[in-house]
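Trainee: Just dropping this structure here.
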Amino acid sequence: MINNIFSLNENEDNNKTINNQKNYFSFKRYLNRPLNVCYIGAGYVGGTSSSVMAYKCPEDEVIVTVCDVDSEKINSWNSDNLPIYEPGLEEIVKKKRGKNLFFTKDIDNSIYSADIIFISVGTPTKKKGIGAGQAAELSFIEMAARKIAKFSKNSKIIIEKSTVPCKTADHIRTILNANKNNNDNKLLNENLENNILDICNLSISRSSSNSTLNNEDLKSDCEPIFTDIDDKNKSIHFEILSNPEFLAEGTAVNDILYPDRILIGGNETKEGGIAQDVLCKLYSYWVPKEKIIKIGLWSAELSKLSANALLAQRISSINSLSALCEETGADIQEIALACGLDSRIGSKFLNASVGFGGSCFKKDVLNLVYLSNYFNLPDVADYWKQVIIMNDYRKTRFVKTIYNKLFNTITGKIIAIYGFSFKKNTKDTRESPAITVILSLLKEGAIIKIFDPKVPEDQIKNDIKENCDFQEYNEYISNIKVCHSCYEASYGANAIVICTEWDEFKTLDYKRIYSHMTKPAFIFDGRLILNHKELKQIGFSVEAIGKRL
Ligand SMILES: NC(=O)c1ccc[n+]([C@@H]2O[C@H](COP(=O)([O-])OP(=O)(O)OC[C@H]3O[C@@H](n4cnc5c(N)ncnc54)[C@H](O)[C@@H]3O)[C@@H](O)[C@H]2O)c1
């Protein structure tokens, strides 16, 4: 059973006195040490949300450890060259790394010493087997759960941070309960000896006055947050919560600092309520209480899929209308303005574009499609599937426009691609529309010159390689050049294609660009970020999504 030390509300007043500068709950007061938080998975979500948590929580109250199976990624998190780019992230990591933020390959001991574990591993779309192409690949979640069971010696709160299909918490619980090591005190001894340094490093930071910790200190420092108060022989309890992440890449730090809401899904049991309270208190360090919402476990899981499906649906809706605008002469930006001013609709997510990308929208909508079919709701499945079909249609239609405008032949023509990441302010390229556009143009015999402000050359080439077969790649590679600037990419080009909405593309010297391009010089604005009138005045032939220019 879980000790309900965190539901002692009468002590909260004491906390207020102790922390009279800030009105927050003190974990230290209850534990005689900081709360140990572990993230399993140091990717976009694990890396950014853990860093912001460490940044916002007092160093003597909360220690955050992030672990990953990918040792290169961990090395990168511990270096000056972080594995991901997000505005503001580097500053936060540099400020907190080695204080109350630690990146480690040592998953076993990170689990062992944690009070709370966030599972933030990937859940990509399954590539083979049952549900291939739609269902979420849950093997990383299962592996993480098995590790937690193996290396836990005390009760813990386990939190689904990854996006998972509804009811996954049940599977995690079953795995944990079937594999837990009740009171196996020998379990980690050997492992701990081997990794004593890592844990000591953590411990030192917990108590700056004590820099010579020994094994005994270590044991006492790792006292569990949930103790089995009544009977030492009682079994370990894992309480599972769902706390989906709603960050958007490119604005991740800001999104986590100032979230619209924090969902904490839990079981309607006493333990479930206590666990929800603990997580509420943790978020309360920086999130206003009214934004922290406790809901049911299944609702929290399904909310994340639903939110992404609704966002993707909005993009597909405006993109479907953009095709109609191109045919009728209406202007999609005017339509978006007119509709967005309706307070029932709102203006966000009404930007027509070459299509959405990223690791989440497509996979989460497909997951919803799979779930709907699984529960024998084919009409619901078909409805959501159309969101993906429309997204693919928008990319294909854009490429067809390029083809038609370039006189129905692209063979040997030089096309400059501006932007390769799936959106601005990230170097994430997963499902980037640029990949589809580039491959279609290469297929037509184009010579492609690519510039992206953040995505490195090897990543660009690797993405192209992974999305075509071996023979095609060998054929294409000599026609692909990754450039260092927009000017270099457009030199001698017949056309520029805007694939990502990076701000710096808006302020280029387009007169200079025009002067060194092959005429007629075309610009295809797949993101609606340029001043089309000015470009036309310079002499460009301009084409843009959802407009007749
Ligand atoms: N990227 C986003 O914008 C975003 C936003 C919200 C939610 N999500 C969801 O969050 C989850 C993670 O997404 P991401 O973009 O951070 O993925 P990612 O691929 O960037 O990171 C996942 C990390 O988990 C690690 N990992 C896998 N199995 C592991 C294991 N057993 N033990 C330790 N580490 C392991 C991988 O090595 C990888 O570094 C997904 O479910 C995703 O849908 C992503």
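Just remember, in the structure tokens the first chain shown is A, the second B, etc., residues are 1-based per chain, and ligands are 1-based in the order shown.
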Using only C-alpha atoms and all ligand atoms, what are the residues with an atom within 6 Å of ligand 1, set out as number ranges by chain?

Mentor: A: 40-46, 68-70, 120-123, 140, 143-144, 162-163, 245-249, 359-360

Trainee: Write a file of the just-selected residues containing N, CA and C atoms, as a CSV table (one decimal), in the first residue's frame.

Mentor:
chain,number,residue,atom,x,y,z
A,40,ILE,N,12.5,8.0,-18.4
A,40,ILE,CA,13.0,7.0,-19.3
A,40,ILE,C,12.7,7.4,-20.7
A,41,GLY,N,13.8,7.7,-21.5
A,41,GLY,CA,13.6,8.2,-22.8
A,41,GLY,C,14.1,9.7,-22.9
A,42,ALA,N,15.2,9.9,-23.5
A,42,ALA,CA,15.8,11.3,-23.5
A,42,ALA,C,15.6,11.9,-24.9
A,43,GLY,N,14.4,11.8,-25.5
A,43,GLY,CA,14.1,12.3,-26.8
A,43,GLY,C,13.6,13.8,-26.7
A,44,TYR,N,12.8,14.1,-27.7
A,44,TYR,CA,12.2,15.5,-27.7
A,44,TYR,C,11.4,15.7,-26.4
A,45,VAL,N,10.6,14.8,-26.1
A,45,VAL,CA,9.7,15.0,-24.9
A,45,VAL,C,10.4,14.8,-23.6
A,46,GLY,N,11.1,13.7,-23.5
A,46,GLY,CA,11.9,13.4,-22.2
A,46,GLY,C,12.9,14.5,-22.0
A,68,ASP,N,18.5,6.9,-21.1
A,68,ASP,CA,18.1,6.5,-22.4
A,68,ASP,C,19.0,5.3,-22.8
A,69,VAL,N,18.5,4.4,-23.7
A,69,VAL,CA,19.3,3.3,-24.2
A,69,VAL,C,20.3,3.8,-25.2
A,70,ASP,N,20.0,4.9,-25.8
A,70,ASP,CA,20.9,5.5,-26.8
A,70,ASP,C,22.1,6.2,-26.2
A,120,SER,N,8.9,8.2,-21.2
A,120,SER,CA,8.8,9.1,-22.4
A,120,SER,C,9.5,8.5,-23.6
A,121,VAL,N,9.4,7.2,-23.8
A,121,VAL,CA,10.0,6.6,-25.0
A,121,VAL,C,9.1,6.7,-26.2
A,122,GLY,N,9.6,6.4,-27.3
A,122,GLY,CA,8.9,6.6,-28.6
A,122,GLY,C,7.8,5.6,-28.7
A,123,THR,N,6.7,6.0,-29.5
A,123,THR,CA,5.6,5.1,-29.8
A,123,THR,C,5.3,5.2,-31.3
A,140,PHE,N,8.7,-0.4,-27.0
A,140,PHE,CA,9.6,0.4,-26.2
A,140,PHE,C,8.9,0.7,-24.8
A,143,MET,N,9.3,-2.6,-22.9
A,143,MET,CA,10.7,-2.8,-22.4
A,143,MET,C,10.9,-1.9,-21.2
A,144,ALA,N,10.5,-0.7,-21.2
A,144,ALA,CA,10.6,0.3,-20.1
A,144,ALA,C,9.9,-0.3,-18.9
A,162,SER,N,4.6,9.3,-22.7
A,162,SER,CA,4.5,9.0,-24.2
A,162,SER,C,3.0,9.0,-24.6
A,163,THR,N,2.8,9.2,-25.8
A,163,THR,CA,1.4,9.1,-26.3
A,163,THR,C,1.1,7.7,-26.6
A,245,GLU,N,1.9,14.6,-22.9
A,245,GLU,CA,2.6,15.9,-23.2
A,245,GLU,C,2.0,16.6,-24.4
A,246,PHE,N,1.7,17.9,-24.3
A,246,PHE,CA,1.1,18.6,-25.4
A,246,PHE,C,2.1,19.6,-26.0
A,247,LEU,N,3.4,19.5,-25.8
A,247,LEU,CA,4.3,20.5,-26.4
A,247,LEU,C,4.3,20.4,-27.9
A,248,ALA,N,4.6,21.5,-28.5
A,248,ALA,CA,4.7,21.5,-30.0
A,248,ALA,C,6.2,21.8,-30.2
A,249,GLU,N,6.8,21.0,-31.1
A,249,GLU,CA,8.2,21.3,-31.4
A,249,GLU,C,8.4,22.7,-32.0
A,359,SER,N,6.5,14.0,-36.0
A,359,SER,CA,6.4,12.6,-35.6
A,359,SER,C,5.1,12.2,-35.1
A,360,CYS,N,4.2,13.2,-34.8
A,360,CYS,CA,3.0,12.9,-34.0
A,360,CYS,C,1.7,12.8,-34.8

Trainee: If you run DSSP on this backbone, which residues of range 17-94 of chain A come out as helix (DSSP H, G or I), and could you give them as a PyMOL selection string?

Mentor: chain A and resi 17-18+27-31+44-56+71-77+89-94

Trainee: Give the answer as one residue: which of A:Gln134, A:Ser76, A:Glu61, A:Leu442 has the shortest atom-to-atom distance to Lys28 in chain A, using only C-alpha atoms?

Mentor: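 Under the stated criterion, the closest residue is A:Glu61.
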
Trainee: Between range 69-169 of chain A and range 444-454 of chain A, at 12 Å or less, what are the per-residue closest atom pairs and their distances in Å? Count only C-alpha atoms, order by chain and rising residue number, and return it as JSON lines.

Mentor:
{"residue": "A:Pro83", "atom": "CA", "partner": "A:Lys454", "partner_atom": "CA", "distance": 11.7}
{"residue": "A:Ile84", "atom": "CA", "partner": "A:Lys454", "partner_atom": "CA", "distance": 9.9}
{"residue": "A:Tyr85", "atom": "CA", "partner": "A:Lys454", "partner_atom": "CA", "distance": 8.0}
{"residue": "A:Glu86", "atom": "CA", "partner": "A:Lys454", "partner_atom": "CA", "distance": 10.5}
{"residue": "A:Pro87", "atom": "CA", "partner": "A:Lys454", "partner_atom": "CA", "distance": 11.8}

Trainee: For each of A:Lys547, A:Val354, A:Leu406, A:Val278, take the minimum atom-to-atom distance to Glu334 in chain A, counting only C-alpha atoms, then give the residue where this is smallest.

Mentor: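 Counting only C-alpha atoms, the residue closest to Glu334 in chain A is A:Lys547.
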
Trainee: How many Å lie between CA of Phe375 in chain A and CA of Gly131 in chain A, rounded to one decimal?

Mentor: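 CA of Gly131 in chain A lies at a distance of 13.3 Å from CA of Phe375 in chain A.
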
Trainee: If you count only C-alpha atoms, which residues fall within 12 Å of Val482 in chain A, apart from same-chain ones fewer than 3 positions away, as a VMD selection string?

Mentor: chain A and resid 415 to 420 447 to 461 464 477 to 479 485 to 486 488 to 490

Trainee: Counting only C-alpha atoms, which residue out of A:Thr174, A:Gly357, A:Leu282, A:Tyr370 sits closest to Ala136 in chain A?

Mentor: A:Tyr370

Trainee: Excluding Lys465 in chain A and its own-chain neighbours fewer than 5 positions away, which residues fall within 12 Å of it when counting only C-alpha atoms? Please give them as a PyMOL selection string.

Mentor: chain A and resi 435+438-439+458-460+470-477+480

Trainee: What does the file look like for those residues with N, CA and C atoms, as a CSV table (one decimal), in the first residue's frame?

Mentor:
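Okay, this is what ended up in again_19.csv:
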chain,number,residue,atom,x,y,z
A,435,ILE,N,10.5,16.0,-47.6
A,435,ILE,CA,11.0,14.7,-48.0
A,435,ILE,C,10.1,14.2,-49.2
A,438,ILE,N,10.7,16.5,-52.3
A,438,ILE,CA,12.0,16.3,-52.9
A,438,ILE,C,12.1,15.0,-53.7
A,439,LEU,N,11.5,13.9,-53.1
A,439,LEU,CA,11.6,12.6,-53.7
A,439,LEU,C,10.8,12.6,-55.0
A,458,ASP,N,24.1,15.2,-43.2
A,458,ASP,CA,24.0,13.8,-43.1
A,458,ASP,C,22.6,13.4,-42.8
A,459,GLN,N,21.9,14.2,-42.0
A,459,GLN,CA,20.5,13.9,-41.6
A,459,GLN,C,19.6,14.0,-42.9
A,460,ILE,N,19.9,15.0,-43.7
A,460,ILE,CA,19.0,15.2,-44.9
A,460,ILE,C,19.2,14.0,-45.8
A,470,PHE,N,17.2,1.3,-52.4
A,470,PHE,CA,18.6,1.4,-52.6
A,470,PHE,C,19.0,1.9,-54.0
A,471,GLN,N,18.3,1.3,-55.0
A,471,GLN,CA,18.6,1.6,-56.4
A,471,GLN,C,18.3,3.1,-56.7
A,472,GLU,N,17.1,3.5,-56.2
A,472,GLU,CA,16.7,4.9,-56.4
A,472,GLU,C,17.7,5.8,-55.8
A,473,TYR,N,18.1,5.5,-54.6
A,473,TYR,CA,19.0,6.4,-53.9
A,473,TYR,C,20.3,6.6,-54.6
A,474,ASN,N,20.8,5.5,-55.1
A,474,ASN,CA,22.1,5.5,-55.9
A,474,ASN,C,21.9,6.4,-57.1
A,475,GLU,N,20.7,6.3,-57.7
A,475,GLU,CA,20.4,7.1,-58.9
A,475,GLU,C,20.3,8.6,-58.5
A,476,TYR,N,19.7,8.9,-57.4
A,476,TYR,CA,19.4,10.3,-57.0
A,476,TYR,C,20.6,11.0,-56.4
A,477,ILE,N,21.5,10.3,-55.7
A,477,ILE,CA,22.5,11.0,-54.9
A,477,ILE,C,23.3,12.0,-55.6
A,480,ILE,N,21.7,15.5,-55.7
A,480,ILE,CA,21.3,16.2,-54.4
A,480,ILE,C,22.5,16.9,-53.9

Trainee: Have a look at A:Ser320, A:Ser347, A:Gln333, A:Ser110 and name the one nearest to Ala544 in chain A; count only C-alpha atoms.

Mentor: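 Among the listed residues, A:Gln333 lies closest to Ala544 in chain A.
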
Trainee: Could you check the closest approach to Asn391 in chain A for each of A:Gln313, A:Asn404, A:Thr409, A:Thr328 and tell me which residue wins, using only C-alpha atoms?

Mentor: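 Closest candidate: A:Gln313.
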
Trainee: Find the spatial neighbours of Leu508 in chain A, counting only C-alpha atoms, within a cut-off of 10 Å - ignore same-chain residues fewer than 5 positions away - and output them as a list in words.

Mentor: Cys486, Tyr487, Asp503, Ile513 and Leu530 of chain A

Trainee: Write the residues you've just listed into a file as a PDB file, in the first residue's frame, and include N, CA and C atoms for each of them.

Mentor:
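Below is the file selection_34.pdb, written as the result:
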ATOM      1  N   CYS A 486      20.738  30.066 -48.549  1.00  0.00           N
ATOM      2  CA  CYS A 486      19.681  30.154 -49.558  1.00  0.00           C
ATOM      3  C   CYS A 486      20.261  30.659 -50.869  1.00  0.00           C
ATOM      4  N   TYR A 487      21.254  31.560 -50.767  1.00  0.00           N
ATOM      5  CA  TYR A 487      21.844  32.156 -51.973  1.00  0.00           C
ATOM      6  C   TYR A 487      22.564  31.079 -52.780  1.00  0.00           C
ATOM      7  N   ASP A 503      11.688  31.789 -40.399  1.00  0.00           N
ATOM      8  CA  ASP A 503      11.538  33.250 -40.499  1.00  0.00           C
ATOM      9  C   ASP A 503      12.582  33.864 -41.418  1.00  0.00           C
ATOM     10  N   ILE A 513      18.799  37.221 -55.325  1.00  0.00           N
ATOM     11  CA  ILE A 513      18.498  35.825 -55.667  1.00  0.00           C
ATOM     12  C   ILE A 513      18.003  35.729 -57.113  1.00  0.00           C
ATOM     13  N   LEU A 530       5.827  34.414 -47.894  1.00  0.00           N
ATOM     14  CA  LEU A 530       6.527  35.459 -48.641  1.00  0.00           C
ATOM     15  C   LEU A 530       5.572  36.565 -49.083  1.00  0.00           C
TER      16      LEU A 530
END

Trainee: List the neighbours of Ile175 in chain A out to 8 Å using only C-alpha atoms; skip same-chain residues closer than 2 positions along the sequence, and give me the result as a PDB file with C-alpha atoms, in the first residue's frame.

Mentor:
ATOM      1  CA  GLU A 142       6.875  -2.640 -22.641  1.00  0.00           C
ATOM      2  CA  ALA A 145       7.933  -1.322 -17.929  1.00  0.00           C
ATOM      3  CA  ARG A 146       9.897  -4.567 -17.608  1.00  0.00           C
ATOM      4  CA  ALA A 149       9.652  -3.955 -12.542  1.00  0.00           C
ATOM      5  CA  HIS A 171      -0.949  -3.407 -19.904  1.00  0.00           C
ATOM      6  CA  ILE A 172       1.789  -1.542 -18.062  1.00  0.00           C
ATOM      7  CA  ARG A 173       0.210  -2.461 -14.745  1.00  0.00           C
ATOM      8  CA  ASN A 177       2.755  -6.613 -11.266  1.00  0.00           C
ATOM      9  CA  ALA A 178       3.728  -9.854 -12.957  1.00  0.00           C
ATOM     10  CA  ASN A 179       7.429  -9.031 -12.831  1.00  0.00           C
TER      11      ASN A 179
END

Trainee: So, with only C-alpha atoms as the atoms that count, which of A:Trp502, A:Phe151, A:Tyr403, A:Trp298 lies closest to Asp170 in chain A?

Mentor: A:Trp298

Trainee: Check range 327-522 of chain A with DSSP on the backbone and list each residue it calls strand (DSSP E or B), as JSON, numbers by chain.

Mentor: {"A": [414, 415, 416, 417, 418, 447, 448, 449, 450, 451, 480, 481, 482, 495, 496, 497, 498, 522]}

Trainee: Please produce a file of those selected residues containing N, CA and C atoms, as a short mmCIF file (atom, residue, chain, number, x, y, z; two decimals), in the first residue's frame.

Mentor:
data_model
loop_
_atom_site.label_atom_id
_atom_site.label_comp_id
_atom_site.auth_asym_id
_atom_site.auth_seq_id
_atom_site.Cartn_x
_atom_site.Cartn_y
_atom_site.Cartn_z
N ILE A 414 17.20 22.74 -62.15
CA ILE A 414 17.72 22.90 -60.79
C ILE A 414 16.63 23.50 -59.91
N ILE A 415 16.33 22.80 -58.83
CA ILE A 415 15.29 23.31 -57.93
C ILE A 415 15.89 23.50 -56.53
N ALA A 416 15.77 24.73 -56.04
CA ALA A 416 16.27 25.04 -54.70
C ALA A 416 15.16 24.77 -53.69
N ILE A 417 15.49 23.97 -52.69
CA ILE A 417 14.51 23.68 -51.64
C ILE A 417 14.90 24.49 -50.41
N TYR A 418 14.00 25.36 -49.97
CA TYR A 418 14.25 26.16 -48.77
C TYR A 418 13.53 25.48 -47.60
N ILE A 447 17.45 18.34 -60.39
CA ILE A 447 18.67 18.47 -59.58
C ILE A 447 18.27 19.31 -58.38
N ILE A 448 18.46 18.76 -57.19
CA ILE A 448 17.92 19.40 -56.00
C ILE A 448 19.03 20.02 -55.16
N LYS A 449 18.87 21.32 -54.85
CA LYS A 449 19.83 21.99 -53.95
C LYS A 449 19.06 22.42 -52.69
N ILE A 450 19.49 21.89 -51.55
CA ILE A 450 18.70 22.06 -50.33
C ILE A 450 19.44 22.95 -49.34
N PHE A 451 18.68 23.87 -48.73
CA PHE A 451 19.24 24.59 -47.58
C PHE A 451 18.25 24.57 -46.43
N ILE A 480 21.66 15.48 -55.70
CA ILE A 480 21.29 16.16 -54.45
C ILE A 480 22.51 16.93 -53.93
N LYS A 481 22.31 18.21 -53.67
CA LYS A 481 23.40 18.98 -53.07
C LYS A 481 22.84 19.72 -51.86
N VAL A 482 23.50 19.56 -50.72
CA VAL A 482 23.08 20.30 -49.53
C VAL A 482 23.94 21.56 -49.44
N ALA A 495 13.90 27.20 -60.11
CA ALA A 495 12.79 27.44 -59.18
C ALA A 495 13.25 27.32 -57.73
N ILE A 496 12.52 28.05 -56.86
CA ILE A 496 12.70 27.90 -55.41
C ILE A 496 11.41 27.31 -54.87
N VAL A 497 11.54 26.33 -54.00
CA VAL A 497 10.35 25.76 -53.37
C VAL A 497 10.48 25.94 -51.86
N ILE A 498 9.52 26.66 -51.28
CA ILE A 498 9.55 26.86 -49.81
C ILE A 498 8.84 25.68 -49.16
N PHE A 522 11.10 30.87 -60.96
CA PHE A 522 9.85 30.55 -60.25
C PHE A 522 10.07 30.49 -58.73
#
